[in-house]
Each structure stands twice: as C-alpha cells, then as structure tokens.
$ cat my_file_30.pdb   # PDB, C-alpha atoms, pLDDT in the B column
ATOM      1  CA  MET E1272     -24.284  -7.453  53.517  1.00 51.00           C
ATOM      2  CA  GLY E1273     -21.586 -10.064  54.226  1.00 53.00           C
ATOM      3  CA  MET E1274     -22.468 -11.971  51.064  1.00 49.00           C
ATOM      4  CA  ALA E1275     -22.274  -8.759  49.007  1.00 50.00           C
ATOM      5  CA  MET E1276     -18.821  -8.014  50.410  1.00 50.00           C
ATOM      6  CA  ALA E1277     -17.713 -11.576  49.698  1.00 50.00           C
ATOM      7  CA  MET E1278     -18.928 -11.309  46.100  1.00 48.00           C
ATOM      8  CA  ALA E1279     -17.176  -7.988  45.499  1.00 48.00           C
ATOM      9  CA  PRO E1280     -13.687  -9.468  44.833  1.00 47.00           C
ATOM     10  CA  VAL E1281     -15.196 -12.082  42.498  1.00 45.00           C
ATOM     11  CA  LEU E1282     -17.061  -9.389  40.562  1.00 45.00           C
ATOM     12  CA  PHE E1283     -13.944  -7.219  40.401  1.00 41.00           C
ATOM     13  CA  PHE E1284     -11.762  -9.981  38.958  1.00 40.00           C
ATOM     14  CA  SER E1285     -14.513 -10.986  36.509  1.00 45.00           C
ATOM     15  CA  LEU E1286     -14.697  -7.430  35.191  1.00 40.00           C
ATOM     16  CA  LEU E1287     -10.896  -7.254  35.050  1.00 40.00           C
ATOM     17  CA  LEU E1288     -10.745 -10.478  33.029  1.00 38.00           C
ATOM     18  CA  LEU E1289     -13.468  -9.237  30.671  1.00 41.00           C
ATOM     19  CA  SER E1290     -11.678  -5.946  30.097  1.00 39.00           C
ATOM     20  CA  SER E1291      -8.447  -7.819  29.353  1.00 39.00           C
ATOM     21  CA  VAL E1292     -10.212  -9.887  26.710  1.00 37.00           C
ATOM     22  CA  VAL E1293     -11.693  -6.776  25.105  1.00 37.00           C
ATOM     23  CA  VAL E1294      -8.295  -5.040  25.081  1.00 36.00           C
ATOM     24  CA  ALA E1295      -6.669  -8.102  23.522  1.00 36.00           C
ATOM     25  CA  GLU E1296      -9.301  -8.258  20.800  1.00 39.00           C
ATOM     26  CA  ASN E1297      -8.914  -4.552  20.089  1.00 42.00           C
ATOM     27  CA  ASN E1298      -5.117  -4.840  19.920  1.00 44.00           C
ATOM     28  CA  GLU E1299      -5.365  -7.756  17.511  1.00 47.00           C
ATOM     29  CA  ASN E1300      -7.462  -5.658  15.139  1.00 51.00           C
ATOM     30  CA  ALA E1301      -5.561  -2.404  15.700  1.00 64.00           C
ATOM     31  CA  THR E1302      -3.624  -0.647  12.974  1.00 76.00           C
ATOM     32  CA  PRO E1303       0.082  -1.586  13.322  1.00 82.00           C
ATOM     33  CA  SER E1304       2.254   1.066  14.927  1.00 82.00           C
ATOM     34  CA  VAL E1305       4.753   2.278  12.334  1.00 90.00           C
ATOM     35  CA  SER E1306       6.829   5.407  11.773  1.00 93.00           C
ATOM     36  CA  ARG E1307       6.622   7.940   9.001  1.00 94.00           C
ATOM     37  CA  VAL E1308       9.123   7.751   6.131  1.00 96.00           C
ATOM     38  CA  LYS E1309      10.887  10.631   4.406  1.00 95.00           C
ATOM     39  CA  VAL E1310      11.920  10.193   0.768  1.00 95.00           C
ATOM     40  CA  GLU E1311      13.895  13.157  -0.553  1.00 93.00           C
ATOM     41  CA  ASN E1312      11.708  16.146   0.461  1.00 92.00           C
ATOM     42  CA  VAL E1313       8.508  14.062   0.666  1.00 95.00           C
ATOM     43  CA  THR E1314       7.187  12.813   4.016  1.00 96.00           C
ATOM     44  CA  PHE E1315       4.816   9.848   4.079  1.00 97.00           C
ATOM     45  CA  PRO E1316       2.681   9.777   7.262  1.00 96.00           C
ATOM     46  CA  PRO E1317       2.386   6.497   9.194  1.00 97.00           C
ATOM     47  CA  THR E1318      -1.332   6.081   8.411  1.00 97.00           C
ATOM     48  CA  VAL E1319      -3.844   7.250   5.841  1.00 97.00           C
ATOM     49  CA  LYS E1320      -7.549   6.880   5.123  1.00 96.00           C
ATOM     50  CA  PRO E1321      -7.991   6.411   1.348  1.00 97.00           C
ATOM     51  CA  PRO E1322     -10.724   8.311  -0.525  1.00 95.00           C
ATOM     52  CA  GLY E1323     -14.083   6.610  -0.109  1.00 90.00           C
ATOM     53  CA  SER E1324     -12.711   4.007   2.298  1.00 93.00           C
ATOM     54  CA  GLN E1325     -13.802   3.178   5.836  1.00 93.00           C
ATOM     55  CA  ASN E1326     -10.372   1.763   6.667  1.00 95.00           C
ATOM     56  CA  THR E1327      -7.227   3.367   8.037  1.00 96.00           C
ATOM     57  CA  LEU E1328      -4.173   1.890   6.335  1.00 97.00           C
ATOM     58  CA  PHE E1329      -0.586   1.804   7.625  1.00 97.00           C
ATOM     59  CA  LEU E1330       2.582   2.717   5.743  1.00 97.00           C
ATOM     60  CA  GLY E1331       4.221  -0.485   4.536  1.00 97.00           C
ATOM     61  CA  GLY E1332       7.104   1.178   2.760  1.00 96.00           C
ATOM     62  CA  ALA E1333       8.223   4.036   0.550  1.00 97.00           C
ATOM     63  CA  GLY E1334      10.971   4.835  -1.888  1.00 96.00           C
ATOM     64  CA  VAL E1335      12.051   6.863  -4.860  1.00 95.00           C
ATOM     65  CA  ARG E1336      11.343   6.146  -8.514  1.00 93.00           C
ATOM     66  CA  GLY E1337      13.966   7.267 -10.984  1.00 89.00           C
ATOM     67  CA  LEU E1338      15.862   6.496 -14.161  1.00 84.00           C
ATOM     68  CA  GLN E1339      19.545   6.251 -14.953  1.00 85.00           C
ATOM     69  CA  ILE E1340      20.123   8.848 -17.663  1.00 88.00           C
ATOM     70  CA  LYS E1341      23.707   8.597 -18.903  1.00 86.00           C
ATOM     71  CA  ASP E1342      25.832   8.966 -15.792  1.00 87.00           C
ATOM     72  CA  LYS E1343      23.131  10.461 -13.562  1.00 90.00           C
ATOM     73  CA  PHE E1344      20.233   8.882 -11.628  1.00 89.00           C
ATOM     74  CA  VAL E1345      17.274  11.229 -12.106  1.00 90.00           C
ATOM     75  CA  LYS E1346      14.569  11.013  -9.440  1.00 93.00           C
ATOM     76  CA  PHE E1347      11.056  11.657 -10.712  1.00 94.00           C
ATOM     77  CA  THR E1348       8.626  10.571  -7.973  1.00 96.00           C
ATOM     78  CA  ALA E1349       8.437   9.245  -4.430  1.00 97.00           C
ATOM     79  CA  ILE E1350       6.127   6.268  -3.903  1.00 97.00           C
ATOM     80  CA  GLY E1351       4.461   5.227  -0.637  1.00 97.00           C
ATOM     81  CA  VAL E1352       2.626   1.903  -0.299  1.00 98.00           C
ATOM     82  CA  TYR E1353      -0.017   1.557   2.423  1.00 98.00           C
ATOM     83  CA  LEU E1354      -1.711  -1.664   3.519  1.00 98.00           C
ATOM     84  CA  GLN E1355      -4.854  -2.536   5.453  1.00 97.00           C
ATOM     85  CA  ASP E1356      -4.067  -3.913   8.918  1.00 95.00           C
ATOM     86  CA  ASP E1357      -5.356  -7.363   7.880  1.00 95.00           C
ATOM     87  CA  ALA E1358      -2.299  -7.645   5.658  1.00 96.00           C
ATOM     88  CA  VAL E1359       0.024  -8.335   8.585  1.00 96.00           C
ATOM     89  CA  PRO E1360      -1.565 -11.556   9.935  1.00 96.00           C
ATOM     90  CA  ILE E1361      -2.451 -12.727   6.408  1.00 96.00           C
ATOM     91  CA  LEU E1362       1.108 -12.351   5.147  1.00 97.00           C
ATOM     92  CA  ALA E1363       2.707 -13.465   8.425  1.00 96.00           C
ATOM     93  CA  ALA E1364       1.019 -16.864   8.160  1.00 95.00           C
ATOM     94  CA  LYS E1365       3.383 -17.622   5.268  1.00 96.00           C
ATOM     95  CA  TRP E1366       6.328 -15.256   5.691  1.00 97.00           C
ATOM     96  CA  LYS E1367       6.881 -14.850   9.444  1.00 95.00           C
ATOM     97  CA  GLY E1368      10.443 -15.689  10.426  1.00 94.00           C
ATOM     98  CA  LYS E1369      11.971 -14.714   7.091  1.00 95.00           C
ATOM     99  CA  PRO E1370      14.679 -12.033   7.321  1.00 95.00           C
ATOM    100  CA  PRO E1371      14.252  -8.826   5.286  1.00 96.00           C
ATOM    101  CA  HIS E1372      16.779  -9.770   2.604  1.00 96.00           C
ATOM    102  CA  GLN E1373      14.909 -13.017   1.842  1.00 97.00           C
ATOM    103  CA  LEU E1374      11.611 -11.168   1.555  1.00 97.00           C
ATOM    104  CA  GLU E1375      13.184  -8.537  -0.680  1.00 96.00           C
ATOM    105  CA  GLU E1376      14.538 -11.236  -3.020  1.00 95.00           C
ATOM    106  CA  SER E1377      11.273 -13.229  -3.128  1.00 96.00           C
ATOM    107  CA  GLN E1378       8.992 -12.347  -6.016  1.00 96.00           C
ATOM    108  CA  GLN E1379       6.269 -14.522  -4.477  1.00 97.00           C
ATOM    109  CA  PHE E1380       6.264 -12.322  -1.370  1.00 98.00           C
ATOM    110  CA  PHE E1381       5.463  -9.232  -3.427  1.00 98.00           C
ATOM    111  CA  ASN E1382       2.932 -11.201  -5.482  1.00 97.00           C
ATOM    112  CA  ASP E1383       1.178 -12.053  -2.207  1.00 98.00           C
ATOM    113  CA  ILE E1384       1.012  -8.345  -1.351  1.00 98.00           C
ATOM    114  CA  VAL E1385      -0.327  -7.438  -4.798  1.00 97.00           C
ATOM    115  CA  THR E1386      -3.023 -10.147  -4.837  1.00 96.00           C
ATOM    116  CA  GLY E1387      -3.789 -10.213  -1.092  1.00 96.00           C
ATOM    117  CA  GLN E1388      -7.424  -9.862  -0.058  1.00 95.00           C
ATOM    118  CA  PHE E1389      -6.890  -6.589   1.752  1.00 97.00           C
ATOM    119  CA  GLU E1390      -7.015  -2.957   0.742  1.00 97.00           C
ATOM    120  CA  LYS E1391      -3.937  -1.210  -0.640  1.00 98.00           C
ATOM    121  CA  PHE E1392      -3.227   2.474  -1.232  1.00 98.00           C
ATOM    122  CA  MET E1393      -0.387   4.047  -3.185  1.00 98.00           C
ATOM    123  CA  ARG E1394       0.645   7.685  -3.049  1.00 98.00           C
ATOM    124  CA  VAL E1395       2.872   8.863  -5.885  1.00 98.00           C
ATOM    125  CA  THR E1396       4.294  12.325  -5.141  1.00 97.00           C
ATOM    126  CA  MET E1397       6.138  14.379  -7.722  1.00 97.00           C
ATOM    127  CA  ILE E1398       9.771  15.304  -7.233  1.00 96.00           C
ATOM    128  CA  LEU E1399       9.975  16.675 -10.777  1.00 96.00           C
ATOM    129  CA  PRO E1400       6.965  18.105 -12.650  1.00 96.00           C
ATOM    130  CA  LEU E1401       5.036  15.814 -14.983  1.00 95.00           C
ATOM    131  CA  THR E1402       1.898  16.129 -17.080  1.00 97.00           C
ATOM    132  CA  GLY E1403      -0.891  13.598 -16.725  1.00 97.00           C
ATOM    133  CA  PRO E1404      -0.273  12.087 -20.189  1.00 97.00           C
ATOM    134  CA  GLN E1405       3.479  11.817 -19.497  1.00 94.00           C
ATOM    135  CA  TYR E1406       2.846   9.896 -16.306  1.00 96.00           C
ATOM    136  CA  VAL E1407       0.026   7.605 -17.395  1.00 97.00           C
ATOM    137  CA  GLU E1408       1.609   6.632 -20.737  1.00 96.00           C
ATOM    138  CA  LYS E1409       4.333   4.609 -19.004  1.00 94.00           C
ATOM    139  CA  VAL E1410       1.943   3.259 -16.358  1.00 96.00           C
ATOM    140  CA  ALA E1411      -0.462   2.029 -19.049  1.00 97.00           C
ATOM    141  CA  GLU E1412       2.391   0.454 -21.004  1.00 97.00           C
ATOM    142  CA  ASN E1413       3.656  -1.392 -17.930  1.00 96.00           C
ATOM    143  CA  CYS E1414       0.171  -2.547 -16.942  1.00 97.00           C
ATOM    144  CA  VAL E1415      -0.577  -3.938 -20.399  1.00 98.00           C
ATOM    145  CA  ALA E1416       2.678  -5.890 -20.319  1.00 97.00           C
ATOM    146  CA  ILE E1417       1.883  -7.269 -16.852  1.00 97.00           C
ATOM    147  CA  LEU E1418      -1.694  -8.219 -17.758  1.00 97.00           C
ATOM    148  CA  LYS E1419      -0.543  -9.967 -20.940  1.00 97.00           C
ATOM    149  CA  SER E1420       2.158 -11.866 -19.030  1.00 96.00           C
ATOM    150  CA  HIS E1421      -0.532 -13.119 -16.626  1.00 94.00           C
ATOM    151  CA  GLY E1422      -2.830 -14.073 -19.500  1.00 96.00           C
ATOM    152  CA  VAL E1423      -5.649 -11.792 -18.340  1.00 95.00           C
ATOM    153  CA  TYR E1424      -5.580  -9.042 -20.974  1.00 97.00           C
ATOM    154  CA  THR E1425      -9.063  -9.100 -22.529  1.00 97.00           C
ATOM    155  CA  ASP E1426     -11.379  -6.472 -24.014  1.00 97.00           C
ATOM    156  CA  LYS E1427     -12.462  -5.582 -20.466  1.00 97.00           C
ATOM    157  CA  GLU E1428      -8.891  -4.794 -19.435  1.00 97.00           C
ATOM    158  CA  ALA E1429      -8.257  -2.856 -22.669  1.00 98.00           C
ATOM    159  CA  LYS E1430     -11.304  -0.655 -21.946  1.00 98.00           C
ATOM    160  CA  ALA E1431     -10.178  -0.220 -18.334  1.00 98.00           C
ATOM    161  CA  ILE E1432      -6.758   0.963 -19.555  1.00 98.00           C
ATOM    162  CA  GLU E1433      -8.474   3.450 -21.882  1.00 98.00           C
ATOM    163  CA  LYS E1434     -10.487   4.802 -18.963  1.00 98.00           C
ATOM    164  CA  LEU E1435      -7.340   5.101 -16.849  1.00 98.00           C
ATOM    165  CA  VAL E1436      -5.594   7.098 -19.580  1.00 98.00           C
ATOM    166  CA  SER E1437      -8.613   9.389 -20.002  1.00 97.00           C
ATOM    167  CA  VAL E1438      -8.643  10.232 -16.277  1.00 97.00           C
ATOM    168  CA  PHE E1439      -5.156  11.767 -16.637  1.00 97.00           C
ATOM    169  CA  LYS E1440      -5.548  13.605 -19.952  1.00 95.00           C
ATOM    170  CA  ASP E1441      -6.150  17.100 -18.499  1.00 95.00           C
ATOM    171  CA  GLU E1442      -4.000  16.782 -15.363  1.00 97.00           C
ATOM    172  CA  THR E1443      -0.675  18.432 -14.558  1.00 97.00           C
ATOM    173  CA  PHE E1444       1.486  17.584 -11.569  1.00 97.00           C
ATOM    174  CA  PRO E1445       3.917  20.177 -10.182  1.00 97.00           C
ATOM    175  CA  PRO E1446       6.467  19.116  -7.549  1.00 96.00           C
ATOM    176  CA  GLY E1447       4.732  18.179  -4.287  1.00 96.00           C
ATOM    177  CA  SER E1448       1.460  17.157  -5.917  1.00 97.00           C
ATOM    178  CA  SER E1449       0.314  13.546  -5.722  1.00 97.00           C
ATOM    179  CA  ILE E1450      -1.480  10.811  -7.613  1.00 98.00           C
ATOM    180  CA  LEU E1451      -3.437   8.525  -5.282  1.00 98.00           C
ATOM    181  CA  PHE E1452      -4.390   4.951  -6.147  1.00 98.00           C
ATOM    182  CA  THR E1453      -6.678   2.765  -4.046  1.00 98.00           C
ATOM    183  CA  VAL E1454      -6.662  -0.979  -4.731  1.00 97.00           C
ATOM    184  CA  SER E1455      -9.803  -2.593  -3.344  1.00 93.00           C
ATOM    185  CA  LEU E1456     -11.865  -5.683  -4.061  1.00 86.00           C
ATOM    186  CA  GLU E1457     -14.035  -3.521  -6.334  1.00 85.00           C
ATOM    187  CA  GLY E1458     -11.197  -2.242  -8.509  1.00 94.00           C
ATOM    188  CA  LEU E1459      -8.992   0.841  -8.807  1.00 97.00           C
ATOM    189  CA  GLY E1460      -9.708   4.253  -7.302  1.00 97.00           C
ATOM    190  CA  VAL E1461      -7.813   7.238  -8.731  1.00 98.00           C
ATOM    191  CA  SER E1462      -7.515  10.605  -7.005  1.00 97.00           C
ATOM    192  CA  PHE E1463      -5.318  13.689  -7.171  1.00 97.00           C
ATOM    193  CA  SER E1464      -3.960  16.090  -4.574  1.00 97.00           C
ATOM    194  CA  LYS E1465      -1.999  19.294  -4.955  1.00 94.00           C
ATOM    195  CA  ASP E1466      -0.577  19.026  -1.432  1.00 90.00           C
ATOM    196  CA  GLU E1467      -0.384  16.457   1.391  1.00 88.00           C
ATOM    197  CA  SER E1468      -4.160  16.251   1.843  1.00 94.00           C
ATOM    198  CA  VAL E1469      -6.212  13.208   0.829  1.00 96.00           C
ATOM    199  CA  PRO E1470      -9.667  13.816  -0.717  1.00 96.00           C
ATOM    200  CA  LYS E1471     -12.649  12.057   0.811  1.00 94.00           C
ATOM    201  CA  VAL E1472     -13.947  10.785  -2.538  1.00 94.00           C
ATOM    202  CA  ALA E1473     -12.049   9.337  -5.502  1.00 95.00           C
ATOM    203  CA  SER E1474     -11.973  11.244  -8.788  1.00 95.00           C
ATOM    204  CA  ALA E1475     -12.664   8.008 -10.668  1.00 96.00           C
ATOM    205  CA  VAL E1476     -13.251   4.338  -9.900  1.00 96.00           C
ATOM    206  CA  ILE E1477     -12.326   1.754 -12.525  1.00 97.00           C
ATOM    207  CA  GLU E1478     -14.071  -1.520 -11.750  1.00 97.00           C
ATOM    208  CA  ASN E1479     -11.415  -3.896 -12.995  1.00 97.00           C
ATOM    209  CA  LYS E1480      -9.522  -5.961 -10.401  1.00 96.00           C
ATOM    210  CA  PRO E1481      -6.728  -7.186 -12.731  1.00 97.00           C
ATOM    211  CA  LEU E1482      -5.880  -3.584 -13.661  1.00 97.00           C
ATOM    212  CA  SER E1483      -5.869  -2.448 -10.027  1.00 97.00           C
ATOM    213  CA  GLU E1484      -3.392  -5.205  -9.151  1.00 97.00           C
ATOM    214  CA  ALA E1485      -1.297  -4.459 -12.239  1.00 97.00           C
ATOM    215  CA  VAL E1486      -0.819  -0.832 -11.138  1.00 98.00           C
ATOM    216  CA  LEU E1487       0.626  -1.972  -7.801  1.00 97.00           C
ATOM    217  CA  ASP E1488       2.573  -4.750  -9.543  1.00 97.00           C
ATOM    218  CA  SER E1489       4.198  -2.127 -11.762  1.00 96.00           C
ATOM    219  CA  MET E1490       5.555  -0.465  -8.616  1.00 96.00           C
ATOM    220  CA  ILE E1491       6.683  -3.409  -6.466  1.00 96.00           C
ATOM    221  CA  GLY E1492       6.442  -6.450  -8.743  1.00 94.00           C
ATOM    222  CA  LYS E1493       9.102  -8.318 -10.720  1.00 90.00           C
ATOM    223  CA  ASP E1494      10.109  -5.245 -12.723  1.00 89.00           C
ATOM    224  CA  GLY E1495       8.776  -2.723 -10.220  1.00 92.00           C
ATOM    225  CA  VAL E1496       9.777   0.885 -10.762  1.00 93.00           C
ATOM    226  CA  SER E1497      10.803   1.440  -7.123  1.00 94.00           C
ATOM    227  CA  PRO E1498      13.335  -1.068  -5.740  1.00 94.00           C
ATOM    228  CA  ALA E1499      13.748   1.289  -2.775  1.00 94.00           C
ATOM    229  CA  ALA E1500      10.060   0.921  -1.850  1.00 96.00           C
ATOM    230  CA  LYS E1501      10.350  -2.865  -2.148  1.00 96.00           C
ATOM    231  CA  LYS E1502      13.373  -2.893   0.159  1.00 96.00           C
ATOM    232  CA  ARG E1503      11.607  -0.844   2.796  1.00 96.00           C
ATOM    233  CA  LEU E1504       8.418  -2.924   2.533  1.00 97.00           C
ATOM    234  CA  ALA E1505      10.423  -6.097   3.162  1.00 97.00           C
ATOM    235  CA  SER E1506      12.231  -4.572   6.134  1.00 96.00           C
ATOM    236  CA  ARG E1507       9.203  -3.078   7.867  1.00 96.00           C
ATOM    237  CA  LEU E1508       6.900  -6.052   7.301  1.00 97.00           C
ATOM    238  CA  SER E1509       9.541  -8.489   8.541  1.00 96.00           C
ATOM    239  CA  LYS E1510       9.638  -6.570  11.838  1.00 94.00           C
ATOM    240  CA  LEU E1511       5.831  -6.523  12.082  1.00 95.00           C
ATOM    241  CA  PHE E1512       5.697 -10.293  11.462  1.00 95.00           C
ATOM    242  CA  LYS E1513       8.193 -10.788  14.293  1.00 90.00           C
ATOM    243  CA  LYS E1514       5.985  -8.811  16.661  1.00 87.00           C
ATOM    244  CA  ILE E1515       3.139 -11.228  15.950  1.00 79.00           C
ATOM    245  CA  GLY E1516       5.458 -14.121  16.781  1.00 58.00           C
ATOM    246  CA  ASP E1517       6.623 -12.472  19.993  1.00 59.00           C
ATOM    247  CA  THR E1518       3.022 -11.807  21.048  1.00 52.00           C
ATOM    248  CA  ASN E1519       1.970 -15.404  20.426  1.00 50.00           C
ATOM    249  CA  ASN E1520       4.939 -16.716  22.384  1.00 50.00           C
TER     250      ASN E1520
END

$ encode --input "my_file_30.pdb" --output "structure tokens"
Amino acid sequence: MGMAMAMAPVLFFSLLLLSSVVVAENNENATPSVSRVKVENVTFPPTVKPPGSQNTLFLGGAGVRGLQIKDKFVKFTAIGVYLQDDAVPILAAKWKGKPPHQLEESQQFFNDIVTGQFEKFMRVTMILPLTGPQYVEKVAENCVAILKSHGVYTDKEAKAIEKLVSVFKDETFPPGSSILFTVSLEGLGVSFSKDESVPKVASAVIENKPLSEAVLDSMIGKDGVSPAAKKRLASRLSKLFKKIGDTNN
C-alpha cells in the first residue's frame, strides 16, 4: 500500500510528461492559425480542404486581379492562395527572419512557394462575369510563356494545355462563382463552384507537374497577375516564420 502511494506521484509526472510530448508533436503538425481575408465582396476562409485531398490547407494570402484600362483599374477576380501546413517549416528554414518587404521583393521566395514539395490550392472568384474560354485563354497563354522560359515546354505540356482549355470550354462564371485549382505532386486538379462551397472531387485532373506549377506561377510569380496576393502572402508568412522562431527560442 505504502509503495503504491509512493509510486503515485512518479506515475502522475510520467503521464504528465508524456502528454506534454504528445501535445508538442500535435502542435508542430497542426494547421497554422490564420484569419480569413476579405477582398472586395469575396471572403476567403482561413482553411480549406481541396477536392480529393486528405489535407486541410491554410490561407497564405489573397488579393484582387485586375487591369488598368485607360484611367480606370478594373477588377475582374479575387484570388486566394492556400498552402499545406508543411509549407511553413519548409520555407522558414530559408526565409525566417526576413521582413515582409524583402520577401515581397524576392522572386526566389515565390519560386520556392511554387516549386515547394507541399500541396497548394488556389481559389479564383469572379468579381465580374467571365466565360470559361475568356478566362482560360489568358491563363493558357501565360502558362505557355512560363513553361517556355523554364525550358520545359514539350509535347506533354502542349497536350496538358489543350486538356486544360477543353475543361473550360462549356463553363460560364457569374459573379461569386469560383474556379478551384489544386497543385499536388500528381499534377493539377481543376474544379468549379457556383458559391462558396468546395466539391469533394475535382472535375478534372491533369497529370502534368510543370503545368500545375505554371498556373500558380502565373498568379504569384515574376509577372504574377495579383501583386496584392503576393504582398499578403509575404506579410502573413513572415509572421508565421517568426512564430516558429519564437517557439524554438
């Protein structure tokens, strides 16, 4: 009886230590805590589970895409970029400690996001109505230019572009509807939504990794169509990198 009572505190502290280790491991693998972002009348939730994916991704950044037409900036879409939680420690290993403005100005930083070995998801929501062919024509043009600049435009990529264009041929996108892209190790998933919901299965999967990366590159790369999304990505990721540093210290 006395021995049992004497062992009780030891057992208690052992269990407490074990639970602390489990909590620490869970926190390390947890999805980063981020806020939602509102772009014009479009709200991007803090997390999303892409079609066909087992992962919950966090909102890295979001911004408007538009064009300067004469003396007016016309806003066409709002773009949200989501990242798998692995992205934070992977990117922090190289970029932790850099202030947001340095990240925003670094093309290599965005290249590391585009080519990183983690899942990415992009939601493109209409502010103005567009048809599928109107939207995909410019995307295909940008992707071809990017692939050629990287020296990876072969017959495989040309066929992948053709498939991408065909997926959009009968689609129309009124304001509030969305085009959903999933960038995975397998290639590019394409889905559509008429509201804020996310389908469980992709409408099409194009098994071409260079094309999948080119689609994201066209949004946040060197000539990315949404500087606002790039700015917010740099700001939010810089803060998440700092949290890793604070935790380790």

$ closest_atom_pairs --input "my_file_30.pdb" --of "region 1335-1372 of chain E" --to "region 1379-1383 of chain E" --cutoff "10 Å" --atoms "only C-alpha atoms" --output "CSV"
residue,atom,partner,partner_atom,distance
E:Ala1358,CA,E:Asp1383,CA,9.7
E:Ile1361,CA,E:Asp1383,CA,9.4
E:Leu1362,CA,E:Asp1383,CA,7.4
E:Lys1365,CA,E:Phe1380,CA,9.0
E:Trp1366,CA,E:Phe1380,CA,7.6

$ resolve_selection --input "my_file_30.pdb" --expression "the PyMOL selection byres ((chain E and resi 1317) around 6)" --output "PDB file with C-alpha atoms, in the coordinates of the input"
ATOM      1  CA  VAL E1305       4.753   2.278  12.334  1.00 90.00           C
ATOM      2  CA  SER E1306       6.829   5.407  11.773  1.00 93.00           C
ATOM      3  CA  ARG E1307       6.622   7.940   9.001  1.00 94.00           C
ATOM      4  CA  PRO E1316       2.681   9.777   7.262  1.00 96.00           C
ATOM      5  CA  THR E1318      -1.332   6.081   8.411  1.00 97.00           C
ATOM      6  CA  PHE E1329      -0.586   1.804   7.625  1.00 97.00           C
ATOM      7  CA  LEU E1330       2.582   2.717   5.743  1.00 97.00           C
TER       8      LEU E1330
END

$ closest_residue --input "my_file_30.pdb" --among "E:Phe1344, E:Tyr1424, E:Phe1444, E:Phe1512" --to "Thr1396 (chain E)" --atoms "all atoms listed in the file"
E:Phe1444

$ atom_distance --input "my_file_30.pdb" --atom1 "CA of Lys1514 (chain E)" --atom2 "CA of Glu1376 (chain E)"
21.6 Å

$ atom_distance --input "my_file_30.pdb" --atom1 "CA of Val1410 (chain E)" --atom2 "CA of Ala1485 (chain E)"
9.3 Å

$ closest_residue --input "my_file_30.pdb" --among "E:Gln1355, E:Thr1348, E:Gln1325, E:Ser1497" --to "Pro1446 (chain E)" --atoms "all atoms listed in the file"
E:Thr1348

$ closest_atom_pairs --input "my_file_30.pdb" --of "region 1311-1339 of chain E" --to "region 1463-1484 of chain E" --cutoff "10 Å" --atoms "all atoms listed in the file" --output "CSV"
residue,atom,partner,partner_atom,distance
E:Val1313,CA,E:Glu1467,CA,9.2
E:Thr1314,CA,E:Glu1467,CA,8.8
E:Phe1315,CA,E:Glu1467,CA,8.8
E:Pro1316,CA,E:Glu1467,CA,9.4
E:Val1319,CA,E:Val1469,CA,8.1
E:Lys1320,CA,E:Val1469,CA,7.8
E:Pro1321,CA,E:Val1469,CA,7.0
E:Pro1322,CA,E:Lys1471,CA,4.4
E:Gly1323,CA,E:Val1472,CA,4.8
E:Ser1324,CA,E:Lys1471,CA,8.2

$ closest_residue --input "my_file_30.pdb" --among "E:Lys1419, E:Arg1394, E:Lys1427, E:Lys1513" --to "Val1335 (chain E)" --atoms "all atoms listed in the file"
E:Arg1394

$ residues_around --input "my_file_30.pdb" --residues "Asp1356 (chain E)" --least-positions-apart "4" --cutoff "9 Å" --atoms "only C-alpha atoms" --output "JSON, numbers by chain"
{"E": [1300, 1301, 1302, 1303, 1326, 1327, 1328, 1329, 1360, 1389, 1390]}

$ atom_distance --input "my_file_30.pdb" --atom1 "CA of Leu1338 (chain E)" --atom2 "CA of Lys1493 (chain E)"
16.6 Å

$ closest_residue --input "my_file_30.pdb" --among "E:Ala1500, E:Thr1443, E:Leu1487, E:Gly1334" --to "Leu1401 (chain E)" --atoms "all atoms listed in the file"
E:Thr1443

$ closest_residue --input "my_file_30.pdb" --among "E:Pro1498, E:Gly1351, E:Gly1337, E:Pro1404" --to "Glu1442 (chain E)" --atoms "all atoms listed in the file"
E:Pro1404
